[in-house]
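*Asks:* Next comes the structure file entry01.tsv, holding TSV, C-alpha atoms.
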chain	number	residue	atom	x	y	z
D	1	MET	CA	-31.13	-142.39	182.35
D	2	LYS	CA	-31.12	-139.79	179.56
D	3	LYS	CA	-32.01	-141.21	176.16
D	4	ASP	CA	-29.99	-140.60	172.97
D	5	ASN	CA	-27.10	-139.31	175.07
D	6	LYS	CA	-23.52	-138.56	174.08
D	7	LYS	CA	-22.52	-142.21	174.39
D	8	VAL	CA	-25.00	-143.07	171.65
D	9	ILE	CA	-23.55	-140.34	169.42
D	10	TYR	CA	-19.99	-141.57	170.03
D	11	TRP	CA	-21.12	-145.12	169.21
D	12	LEU	CA	-22.54	-144.00	165.87
D	13	LEU	CA	-19.49	-141.88	165.01
D	14	ALA	CA	-17.21	-144.79	165.92
D	15	GLY	CA	-19.23	-146.85	163.45
D	16	CYS	CA	-18.65	-144.19	160.80
D	17	ILE	CA	-14.90	-144.31	161.38
D	18	LEU	CA	-14.84	-148.10	161.17
D	19	ILE	CA	-16.85	-148.12	157.94
D	20	PHE	CA	-14.37	-145.60	156.54
D	21	ILE	CA	-11.45	-147.88	157.47
D	22	MET	CA	-13.32	-150.83	155.99
D	23	VAL	CA	-13.78	-149.03	152.67
D	24	VAL	CA	-10.11	-147.99	152.54
D	25	VAL	CA	-8.94	-151.55	153.18
D	26	GLY	CA	-11.50	-152.77	150.63
D	27	GLY	CA	-10.02	-150.37	148.09
D	28	ILE	CA	-6.51	-151.67	148.75
D	29	THR	CA	-7.83	-155.24	148.48
D	30	ARG	CA	-9.32	-154.48	145.08
D	31	LEU	CA	-6.33	-152.54	143.73
D	32	THR	CA	-3.87	-155.25	144.82
D	33	HIS	CA	-6.12	-157.94	143.28
D	34	SER	CA	-6.38	-159.69	146.64
D	35	GLY	CA	-10.14	-160.17	146.83
D	36	LEU	CA	-10.30	-163.77	145.59
D	37	SER	CA	-7.50	-165.11	147.77
D	38	ILE	CA	-9.95	-166.59	150.30
D	39	SER	CA	-12.41	-168.73	148.40
D	40	ASN	CA	-14.57	-169.90	151.31
D	41	TYR	CA	-16.48	-168.16	154.08
D	42	LYS	CA	-16.32	-169.25	157.72
D	43	LEU	CA	-17.88	-166.73	160.07
D	44	ILE	CA	-16.06	-167.77	163.26
D	45	SER	CA	-13.03	-169.88	162.32
D	46	GLY	CA	-12.30	-167.61	159.34
D	47	THR	CA	-11.33	-164.88	161.78
D	48	ILE	CA	-8.06	-166.70	162.51
D	49	PRO	CA	-5.57	-166.78	159.61
D	50	PRO	CA	-3.38	-169.84	158.86
D	51	MET	CA	-1.00	-170.25	161.80
D	52	ASN	CA	1.60	-172.70	160.47
D	53	ASP	CA	3.11	-174.03	157.25
D	54	VAL	CA	0.58	-176.85	156.92
D	55	GLU	CA	-2.40	-174.49	157.25
D	56	TRP	CA	-0.86	-172.04	154.78
D	57	GLN	CA	-0.28	-174.80	152.24
D	58	THR	CA	-3.86	-176.01	152.68
D	59	ALA	CA	-5.18	-172.48	152.06
D	60	PHE	CA	-2.90	-172.14	149.00
D	61	ASP	CA	-4.04	-175.51	147.62
D	62	LEU	CA	-7.65	-174.35	147.93
D	63	TYR	CA	-6.80	-171.14	146.05
D	64	LYS	CA	-5.23	-173.23	143.27
D	65	GLN	CA	-8.61	-174.83	142.55
D	66	TYR	CA	-10.13	-171.59	141.28
D	67	PRO	CA	-9.84	-169.60	138.02
D	68	GLU	CA	-7.72	-166.72	139.34
D	69	TYR	CA	-4.80	-169.02	140.07
D	70	GLN	CA	-5.35	-171.27	137.05
D	71	LYS	CA	-5.72	-168.46	134.48
D	72	LEU	CA	-3.78	-165.53	135.96
D	73	ASN	CA	-1.55	-166.37	138.92
D	74	HIS	CA	-0.30	-169.87	138.15
D	75	GLN	CA	3.25	-168.60	138.69
D	76	PHE	CA	2.45	-167.60	142.30
D	77	THR	CA	4.63	-168.85	145.12
D	78	LEU	CA	3.34	-169.39	148.64
D	79	GLN	CA	4.77	-166.00	149.65
D	80	ASP	CA	2.91	-164.28	146.81
D	81	PHE	CA	-0.27	-165.93	148.05
D	82	LYS	CA	0.38	-164.78	151.63
D	83	ASP	CA	0.69	-161.18	150.42
D	84	ILE	CA	-2.75	-161.08	148.78
D	85	TYR	CA	-4.32	-163.24	151.50
D	86	PHE	CA	-3.48	-160.61	154.13
D	87	TRP	CA	-5.60	-157.83	152.62
D	88	GLU	CA	-8.68	-159.97	152.06
D	89	TRP	CA	-8.38	-161.45	155.56
D	90	LEU	CA	-8.01	-157.98	157.10
D	91	HIS	CA	-11.01	-156.73	155.12
D	92	ARG	CA	-13.18	-159.58	156.39
D	93	VAL	CA	-11.99	-159.26	160.00
D	94	ILE	CA	-12.80	-155.55	160.05
D	95	GLY	CA	-16.25	-156.38	158.68
D	96	ARG	CA	-16.85	-158.82	161.56
D	97	PHE	CA	-15.56	-156.26	164.06
D	98	ILE	CA	-17.92	-153.61	162.69
D	99	GLY	CA	-20.80	-156.05	163.15
D	100	LEU	CA	-19.90	-156.48	166.83
D	101	VAL	CA	-19.40	-152.73	167.33
D	102	PHE	CA	-22.87	-152.05	165.97
D	103	LEU	CA	-24.69	-154.97	167.57
D	104	LEU	CA	-23.31	-155.20	171.13
D	105	PRO	CA	-23.61	-151.50	172.09
D	106	PHE	CA	-27.05	-151.43	170.46
D	107	LEU	CA	-28.19	-154.29	172.72
D	108	TYR	CA	-26.66	-152.55	175.73
D	109	PHE	CA	-28.36	-149.23	174.96
D	110	LEU	CA	-31.60	-151.07	174.25
D	111	ILE	CA	-31.57	-153.04	177.53
D	112	THR	CA	-30.61	-149.96	179.57
D	113	LYS	CA	-33.29	-147.91	177.79
D	114	GLN	CA	-30.92	-145.23	176.48
D	115	LEU	CA	-32.54	-145.05	173.04
D	116	THR	CA	-35.72	-143.33	171.93
D	117	LYS	CA	-38.13	-145.23	169.70
D	118	PRO	CA	-37.11	-143.30	166.52
D	119	THR	CA	-33.43	-144.07	167.19
D	120	ILE	CA	-34.21	-147.75	167.82
D	121	LYS	CA	-35.91	-147.95	164.43
D	122	LYS	CA	-32.97	-146.21	162.73
D	123	ALA	CA	-30.47	-148.50	164.48
D	124	ILE	CA	-32.36	-151.59	163.29
D	125	ILE	CA	-32.13	-150.24	159.74
D	126	LEU	CA	-28.37	-149.80	160.25
D	127	LEU	CA	-28.02	-153.38	161.45
D	128	GLY	CA	-29.97	-154.55	158.40
D	129	LEU	CA	-27.73	-152.55	156.09
D	130	GLY	CA	-24.65	-154.03	157.76
D	131	ALA	CA	-25.92	-157.59	157.36
D	132	PHE	CA	-26.84	-156.92	153.73
D	133	GLN	CA	-23.37	-155.48	153.13
D	134	GLY	CA	-21.76	-158.65	154.45
D	135	PHE	CA	-23.95	-160.77	152.17
D	136	LEU	CA	-23.05	-158.61	149.16
D	137	GLY	CA	-19.34	-159.04	149.92
D	138	TRP	CA	-19.59	-162.84	149.70
D	139	TYR	CA	-22.00	-162.64	146.75
D	140	MET	CA	-19.39	-160.52	144.95
D	141	VAL	CA	-16.54	-162.93	145.71
D	142	LYS	CA	-18.60	-165.90	144.45
D	143	SER	CA	-18.83	-164.28	141.01
D	144	GLY	CA	-15.06	-164.63	140.59
D	145	LEU	CA	-14.88	-168.29	141.58
D	146	VAL	CA	-16.66	-169.86	138.61
D	147	ASP	CA	-15.21	-169.25	135.14
D	148	ASN	CA	-14.03	-165.65	134.99
D	149	PRO	CA	-11.12	-164.89	137.37
D	150	ASP	CA	-12.57	-161.53	138.30
D	151	VAL	CA	-15.62	-160.41	140.24
D	152	SER	CA	-18.73	-159.00	138.60
D	153	HIS	CA	-18.43	-155.23	138.36
D	154	TYR	CA	-22.15	-155.00	139.06
D	155	ARG	CA	-21.74	-156.89	142.33
D	156	LEU	CA	-18.65	-154.84	143.18
D	157	ALA	CA	-20.66	-151.65	142.61
D	158	ALA	CA	-23.49	-152.96	144.80
D	159	HIS	CA	-21.03	-153.89	147.57
D	160	LEU	CA	-19.20	-150.56	147.49
D	161	THR	CA	-22.31	-148.40	147.11
D	162	THR	CA	-24.02	-150.13	150.02
D	163	ALA	CA	-20.96	-149.40	152.17
D	164	PHE	CA	-21.16	-145.71	151.24
D	165	ILE	CA	-24.91	-145.61	151.89
D	166	THR	CA	-24.48	-147.36	155.26
D	167	PHE	CA	-21.86	-144.80	156.24
D	168	ALA	CA	-23.99	-141.85	155.10
D	169	TYR	CA	-27.04	-143.12	156.96
D	170	THR	CA	-25.02	-143.78	160.15
D	171	PHE	CA	-23.62	-140.25	159.91
D	172	TRP	CA	-27.12	-138.86	159.33
D	173	VAL	CA	-28.50	-140.62	162.43
D	174	ALA	CA	-25.60	-139.23	164.51
D	175	LEU	CA	-26.30	-135.73	163.16
D	176	ASP	CA	-29.97	-136.11	164.12
D	177	LEU	CA	-28.87	-136.60	167.73
D	178	MET	CA	-26.25	-133.83	167.63
D	179	PHE	CA	-28.58	-131.18	166.22
D	180	LEU	CA	-31.92	-131.40	168.01
D	181	SER	CA	-33.28	-127.91	167.35
D	182	LYS	CA	-35.48	-127.34	164.30
D	183	LYS	CA	-35.35	-124.38	161.93
D	184	GLU	CA	-37.19	-123.07	158.91
D	185	ILE	CA	-36.27	-125.01	155.77
D	186	ASN	CA	-35.61	-123.58	152.32
D	187	THR	CA	-37.12	-126.55	150.49
D	188	SER	CA	-35.99	-125.58	146.99
D	189	PHE	CA	-32.35	-125.28	148.09
D	190	ARG	CA	-32.59	-128.47	150.14
D	191	ASN	CA	-33.93	-130.29	147.08
D	192	LEU	CA	-31.04	-128.93	145.03
D	193	ILE	CA	-28.60	-130.54	147.47
D	194	ARG	CA	-30.63	-133.75	147.35
D	195	TRP	CA	-30.15	-133.88	143.57
D	196	GLY	CA	-26.45	-133.27	144.13
D	197	LEU	CA	-26.39	-136.29	146.45
D	198	VAL	CA	-28.18	-138.43	143.85
D	199	LEU	CA	-25.65	-137.42	141.20
D	200	LEU	CA	-22.79	-138.19	143.55
D	201	VAL	CA	-24.14	-141.66	144.34
D	202	ILE	CA	-24.47	-142.38	140.60
D	203	GLN	CA	-20.89	-141.21	140.14
D	204	ILE	CA	-19.75	-143.49	142.98
D	205	ILE	CA	-21.51	-146.40	141.26
D	206	TYR	CA	-19.66	-145.61	138.03
D	207	GLY	CA	-16.42	-145.32	139.96
D	208	ALA	CA	-17.05	-148.88	141.15
D	209	PHE	CA	-17.77	-149.92	137.54
D	210	VAL	CA	-14.42	-148.42	136.50
D	211	ALA	CA	-12.66	-150.29	139.30
D	212	GLY	CA	-14.45	-153.56	138.58
D	213	LEU	CA	-13.64	-153.46	134.87
D	214	ASP	CA	-10.08	-152.13	135.36
D	215	ALA	CA	-11.18	-149.29	133.10
D	216	GLY	CA	-8.77	-146.83	134.68
D	217	PHE	CA	-5.84	-148.41	132.85
D	218	ILE	CA	-6.95	-147.27	129.38
D	219	HIS	CA	-7.31	-143.82	127.77
D	220	ASN	CA	-4.80	-142.37	130.20
D	221	HIS	CA	-5.07	-138.85	128.89
D	222	TRP	CA	-7.00	-135.78	130.01
D	223	PRO	CA	-9.16	-133.85	129.22
D	224	MET	CA	-9.49	-135.86	125.99
D	225	MET	CA	-9.39	-139.64	125.62
D	226	SER	CA	-6.83	-141.48	123.48
D	227	GLU	CA	-5.75	-139.87	120.18
D	228	GLY	CA	-7.04	-136.52	121.42
D	229	LYS	CA	-10.67	-137.51	120.97
D	230	PHE	CA	-13.51	-136.34	123.22
D	231	ILE	CA	-15.38	-139.59	122.53
D	232	HIS	CA	-13.04	-142.34	121.39
D	233	GLU	CA	-14.65	-144.83	118.99
D	234	THR	CA	-14.07	-147.67	121.47
D	235	VAL	CA	-16.68	-146.00	123.69
D	236	TYR	CA	-19.49	-147.30	121.50
D	237	ILE	CA	-18.06	-150.35	119.65
D	238	GLU	CA	-16.82	-152.65	122.43
D	239	GLN	CA	-20.26	-154.05	123.26
D	240	ASN	CA	-23.41	-154.88	121.33
D	241	PRO	CA	-26.07	-153.51	121.53
D	242	VAL	CA	-24.68	-150.00	121.95
D	243	TYR	CA	-26.21	-149.26	125.36
D	244	LYS	CA	-24.15	-152.06	126.94
D	245	ASN	CA	-21.02	-150.02	126.27
D	246	PHE	CA	-22.11	-147.59	128.97
D	247	ILE	CA	-22.66	-150.19	131.68
D	248	GLN	CA	-20.14	-152.92	130.91
D	249	GLY	CA	-17.70	-151.64	128.27
D	250	LYS	CA	-14.38	-150.40	129.63
D	251	SER	CA	-14.19	-147.32	127.42
D	252	GLY	CA	-17.88	-146.50	127.72
D	253	VAL	CA	-17.90	-146.77	131.51
D	254	GLN	CA	-14.79	-144.61	131.78
D	255	PHE	CA	-16.36	-142.04	129.45
D	256	VAL	CA	-19.49	-141.81	131.63
D	257	HIS	CA	-17.34	-141.47	134.75
D	258	ARG	CA	-15.37	-138.65	133.11
D	259	ILE	CA	-18.51	-136.76	132.06
D	260	LEU	CA	-20.25	-137.24	135.41
D	261	ALA	CA	-17.18	-135.77	137.12
D	262	PHE	CA	-17.83	-132.48	135.30
D	263	VAL	CA	-21.56	-132.68	136.04
D	264	VAL	CA	-21.02	-133.24	139.78
D	265	LEU	CA	-18.40	-130.48	139.88
D	266	GLY	CA	-20.68	-128.02	138.10
D	267	PHE	CA	-23.67	-128.96	140.25
D	268	ILE	CA	-21.79	-128.41	143.51
D	269	ILE	CA	-20.37	-125.12	142.25
D	270	SER	CA	-23.96	-124.01	141.53
D	271	ILE	CA	-24.95	-125.03	145.09
D	272	PHE	CA	-22.08	-122.95	146.43
D	273	ILE	CA	-22.97	-119.90	144.30
D	274	LYS	CA	-26.67	-120.04	145.24
D	275	SER	CA	-25.80	-120.38	148.93
D	276	LYS	CA	-23.95	-117.04	148.83
D	277	LYS	CA	-27.26	-115.29	148.19
D	278	MET	CA	-28.76	-116.75	151.37
D	279	SER	CA	-28.51	-116.03	155.06
D	280	LEU	CA	-26.62	-119.04	156.43
D	281	THR	CA	-26.00	-120.46	159.86
D	282	SER	CA	-22.42	-121.15	160.86
D	283	TYR	CA	-22.76	-124.87	160.12
D	284	GLN	CA	-24.47	-124.25	156.78
D	285	PHE	CA	-21.66	-121.90	155.78
D	286	LYS	CA	-19.02	-124.46	156.76
D	287	GLY	CA	-20.91	-127.23	154.99
D	288	VAL	CA	-21.11	-125.57	151.56
D	289	ASN	CA	-17.50	-124.39	151.76
D	290	ILE	CA	-16.16	-127.82	152.70
D	291	LEU	CA	-18.33	-129.33	149.97
D	292	LEU	CA	-16.76	-127.05	147.35
D	293	ILE	CA	-13.23	-127.81	148.57
D	294	MET	CA	-13.83	-131.56	148.62
D	295	VAL	CA	-15.33	-131.73	145.12
D	296	GLY	CA	-12.31	-129.80	143.81
D	297	ILE	CA	-9.86	-132.16	145.50
D	298	GLN	CA	-11.77	-135.23	144.34
D	299	PHE	CA	-11.91	-133.94	140.76
D	300	LEU	CA	-8.12	-133.46	140.73
D	301	LEU	CA	-7.50	-136.88	142.27
D	302	GLY	CA	-9.60	-138.40	139.48
D	303	VAL	CA	-7.63	-136.57	136.80
D	304	PHE	CA	-4.27	-137.68	138.20
D	305	ALA	CA	-5.53	-141.25	138.67
D	306	ILE	CA	-6.25	-141.40	134.94
D	307	LEU	CA	-3.01	-139.72	133.90
D	308	LEU	CA	-0.85	-141.96	136.14
D	309	GLN	CA	-2.73	-145.19	135.35
D	310	VAL	CA	-4.13	-145.64	138.84
D	311	PRO	CA	-1.21	-146.52	141.11
D	312	VAL	CA	-2.50	-148.19	144.28
D	313	TRP	CA	-1.87	-145.18	146.53
D	314	LEU	CA	-3.73	-142.84	144.18
D	315	GLY	CA	-6.60	-145.25	143.64
D	316	VAL	CA	-7.03	-145.46	147.41
D	317	ALA	CA	-6.74	-141.67	147.75
D	318	HIS	CA	-9.46	-141.23	145.11
D	319	GLN	CA	-11.74	-143.61	147.01
D	320	ILE	CA	-11.03	-141.75	150.26
D	321	GLY	CA	-11.84	-138.51	148.45
D	322	ALA	CA	-15.22	-139.93	147.45
D	323	PHE	CA	-15.83	-140.85	151.06
D	324	PHE	CA	-15.07	-137.35	152.34
D	325	LEU	CA	-17.11	-135.78	149.55
D	326	LEU	CA	-20.09	-137.96	150.50
D	327	SER	CA	-19.56	-136.94	154.15
D	328	ALA	CA	-19.54	-133.28	153.17
D	329	ILE	CA	-22.72	-133.44	151.12
D	330	THR	CA	-24.47	-135.53	153.80
D	331	PHE	CA	-23.57	-132.97	156.47
D	332	THR	CA	-24.59	-130.06	154.23
D	333	LEU	CA	-27.90	-131.67	153.33
D	334	HIS	CA	-28.63	-132.34	156.99
D	335	ARG	CA	-27.96	-128.72	157.94
D	336	PHE	CA	-30.35	-127.50	155.24
D	337	SER	CA	-32.98	-130.15	156.10
D	338	LYS	CA	-33.50	-129.90	159.86
Using structure tokens, write down the structure that the file contains.

*Replies:*
Amino acid sequence: MKKDNKKVIYWLLAGCILIFIMVVVGGITRLTHSGLSISNYKLISGTIPPMNDVEWQTAFDLYKQYPEYQKLNHQFTLQDFKDIYFWEWLHRVIGRFIGLVFLLPFLYFLITKQLTKPTIKKAIILLGLGAFQGFLGWYMVKSGLVDNPDVSHYRLAAHLTTAFITFAYTFWVALDLMFLSKKEINTSFRNLIRWGLVLLVIQIIYGAFVAGLDAGFIHNHWPMMSEGKFIHETVYIEQNPVYKNFIQGKSGVQFVHRILAFVVLGFIISIFIKSKKMSLTSYQFKGVNILLIMVGIQFLLGVFAILLQVPVWLGVAHQIGAFFLLSAITFTLHRFSK
């Protein structure tokens, strides 16, 4: 049987689609403040939601024992609880389903010897990333069950960034199997795209910081911050010492996210301009053009998210934009790397 065949590629691309759906639902879960509605973790039985009034009341009573209900949502009715429970439950169920979609076909392909040794190694890395992502999800939730009725923005950033990295790596492995022929590499241009990817990942991390700190609900002006200031004084006075403002202060984190948006935009524009002086393949041409379009769309989504104080639909759209932008730069980098 032919190794690394089309079925393997479809399996990997299906994984990409599921991770995308997982991230979208995760974004909705965060923006609707639903993430702490399930305060325990049961791998098997947790797949089934409460099925009757008694089970719902038991789940609600458990929720009442934790800070989010006691400090923020003490006015919640059972129906309010059901609304937020749904998104967290769906997020967890999709996570379990992704685990099965990665593991079971991998075992099948492995037993039937449809994978080459390099692909087996890459698939094991993917399984490890998936398991680590599941751990980070619970580790994040635990941070909101102690004293502060909100999750750690550091843990949220780790959880979200790992999801993006898992997607990008899955996509990269699929591209390896789709494009088998090698070509001469322009290493300097490839390295330029690599730096663009690094900048984008840092920007994604800061986007998670903004989400985790609810920093999108302040300074809702653009291009300046509040009171028409480029750097509002709250950027550097919220935390002490000063450097903490830029990793855990609401204004400081938002300021960094704003500035990085311009840096990423300018960097990708420079990639696009430099590419026009080169002889490109069809896929390279499509890659740099899609990359430019996506960074423009994502930049605008970020601006409107700030101006409109991050309504749920726009927050989700901005997260989807980041996903497609990461896809575009991953594809472009692959086409200039192999």

*Asks:* In terms of the shortest atom-to-atom distance over only C-alpha atoms, which of D:Gln79, D:Gln239, D:Asn148, D:Thr162 is closest to D:Phe135?

*Replies:* D:Thr162

*Asks:* Quick one: residues within 12 Å of D:Ile293, all atoms listed in the file, excluding same-chain residues fewer than 4 positions away - as a list in words?

*Replies:* Leu265, Ile268, Ile269, Phe272, Lys286, Gly287, Val288, Asn289, Ile297, Gln298, Phe299, Leu300, Gly321, Phe324, Leu325, Ala328 and Ile329 of chain D

*Asks:* Using all atoms listed in the file, which protein or nucleic acid residues come within 8 Å of stretch 125-134 of chain D? Drop anything in the same chain fewer than 2 positions from it, and give the result as a PyMOL selection string.

*Replies:* chain D and resi 95+99+102-103+121-123+136-138+159+162-163+166+169-170

*Asks:* Write out as a list in words each polymer residue whose atoms come within 10 Å of stretch 241-248 of chain D, counting only C-alpha atoms; drop sequence neighbours fewer than 3 positions from it.

*Replies:*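 Listed by chain and then number, they are Ser152, His153, Tyr154, Tyr206, Phe209, Val210, Gly212, Leu213, Ala215, Thr234, Val235, Tyr236, Ile237, Glu238, Ser251, Gly252, Val253, Gln254, Phe255, Val256 and His257 of chain D.
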
*Asks:* Need the neighbours of (-1.1, -151.7, 133.5): which residues are at most 9 Å away, counting all atoms listed in the file, as number ranges by chain?

*Replies:* D: 217-218, 309-310

*Asks:* Figure out the distance between atom CA of D:Asp150 and atom CA of D:Leu326, please, to one decimal in Å.

*Replies:*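 Result for atom CA of D:Leu326 versus atom CA of D:Asp150: 27.6 Å, one decimal.
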
*Asks:* With all atoms listed in the file as the counted atoms, please give the residues lying no more than 10 Å from stretch 187-193 of chain D, apart from itself and same-chain residues fewer than 2 positions off, as a VMD selection string.

*Replies:* chain D and resid 184 to 185 195 to 199 267 to 268 270 to 271 274 to 275 278 288 329 to 330 332 to 338

*Asks:* Show me, as a list in words, the residues that have an atom within 12 Å of D:Lys64 when counting all atoms listed in the file, minus same-chain residues fewer than 3 positions from it.

*Replies:*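 The contact residues come out as Leu36, Ser37, Ile38, Ser39, Gln57, Thr58, Ala59, Phe60, Asp61, Pro67, Glu68, Tyr69, Gln70, Lys71, Leu72, Asn73, His74, Gln75, Phe76, Thr77, Leu78, Phe81, Leu145 and Pro149 of chain D.
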
*Asks:* Can you write just those residues out, C-alpha atoms, as an mmCIF file, keeping the file's coordinate frame?

*Replies:*
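Below is the file that was written, result-v9.cif:
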data_model
loop_
_atom_site.group_PDB
_atom_site.id
_atom_site.type_symbol
_atom_site.label_atom_id
_atom_site.label_comp_id
_atom_site.auth_asym_id
_atom_site.auth_seq_id
_atom_site.Cartn_x
_atom_site.Cartn_y
_atom_site.Cartn_z
ATOM 1 C CA LEU D 36 -10.300 -163.770 145.590
ATOM 2 C CA SER D 37 -7.500 -165.110 147.770
ATOM 3 C CA ILE D 38 -9.950 -166.590 150.300
ATOM 4 C CA SER D 39 -12.410 -168.730 148.400
ATOM 5 C CA GLN D 57 -0.280 -174.800 152.240
ATOM 6 C CA THR D 58 -3.860 -176.010 152.680
ATOM 7 C CA ALA D 59 -5.180 -172.480 152.060
ATOM 8 C CA PHE D 60 -2.900 -172.140 149.000
ATOM 9 C CA ASP D 61 -4.040 -175.510 147.620
ATOM 10 C CA PRO D 67 -9.840 -169.600 138.020
ATOM 11 C CA GLU D 68 -7.720 -166.720 139.340
ATOM 12 C CA TYR D 69 -4.800 -169.020 140.070
ATOM 13 C CA GLN D 70 -5.350 -171.270 137.050
ATOM 14 C CA LYS D 71 -5.720 -168.460 134.480
ATOM 15 C CA LEU D 72 -3.780 -165.530 135.960
ATOM 16 C CA ASN D 73 -1.550 -166.370 138.920
ATOM 17 C CA HIS D 74 -0.300 -169.870 138.150
ATOM 18 C CA GLN D 75 3.250 -168.600 138.690
ATOM 19 C CA PHE D 76 2.450 -167.600 142.300
ATOM 20 C CA THR D 77 4.630 -168.850 145.120
ATOM 21 C CA LEU D 78 3.340 -169.390 148.640
ATOM 22 C CA PHE D 81 -0.270 -165.930 148.050
ATOM 23 C CA LEU D 145 -14.880 -168.290 141.580
ATOM 24 C CA PRO D 149 -11.120 -164.890 137.370
#

*Asks:* Enter the distance from atom CA of D:Val316 to atom CA of D:Val303, in Å, rounded to one decimal.

*Replies:*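 Between these atoms lies a distance of 13.9 Å.
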
*Asks:* Taking every listed atom of stretch 262-265 of chain D and adding 8 Å to each side, what centre and edge lengths in Å (one decimal) does the axis-aligned box have, as AutoDock Vina command-line options?

*Replies:*
--center_x -19.7 --center_y -131.9 --center_z 137.6 --size_x 19.7 --size_y 18.8 --size_z 20.6

*Asks:* At what distance in Å, to one decimal, does atom CA of D:Phe179 lie from atom CA of D:Lys277?

*Replies:* 24.1 Å

*Asks:* From the list D:Pro118, D:Pro105, D:Pro50, D:Pro223, which residue is nearest D:Gly15 when using only C-alpha atoms?

*Replies:* D:Pro105

*Asks:* Which one of D:His219, D:Gln114, D:Leu100, D:Ile19 sits closest to D:Asn5 if you count all atoms listed in the file?

*Replies:*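 Comparing D:His219, D:Gln114, D:Leu100, D:Ile19 against D:Asn5, the winner is D:Gln114.
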
*Asks:* Return the single residue from D:Tyr85, D:Lys42, D:Thr47, D:Ile205 that is closest to D:Phe97, with distances computed using all atoms listed in the file.

*Replies:*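 Residue with the minimum atom-to-atom distance to D:Phe97: D:Thr47.
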
*Asks:* Could you tell me, as a list of chain:residue names, which residues have any atom at most 10 Å from (-31.7, -136.8, 165.6), counting all atoms listed in the file?

*Replies:*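 The residues near that point, listed by chain and number, are D:Asp4, D:Ile9, D:Thr116, D:Pro118, D:Thr119, D:Lys122, D:Trp172, D:Val173, D:Ala174, D:Leu175, D:Asp176, D:Leu177, D:Met178, D:Phe179, D:Leu180, D:Ser181, D:Lys338.
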
*Asks:* I'd like to know which of D:Met140, D:Trp313, D:Thr281, D:Leu160 is closest to D:Thr32, using all atoms listed in the file.

*Replies:*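 Nearest candidate to D:Thr32 out of D:Met140, D:Trp313, D:Thr281, D:Leu160: D:Trp313.
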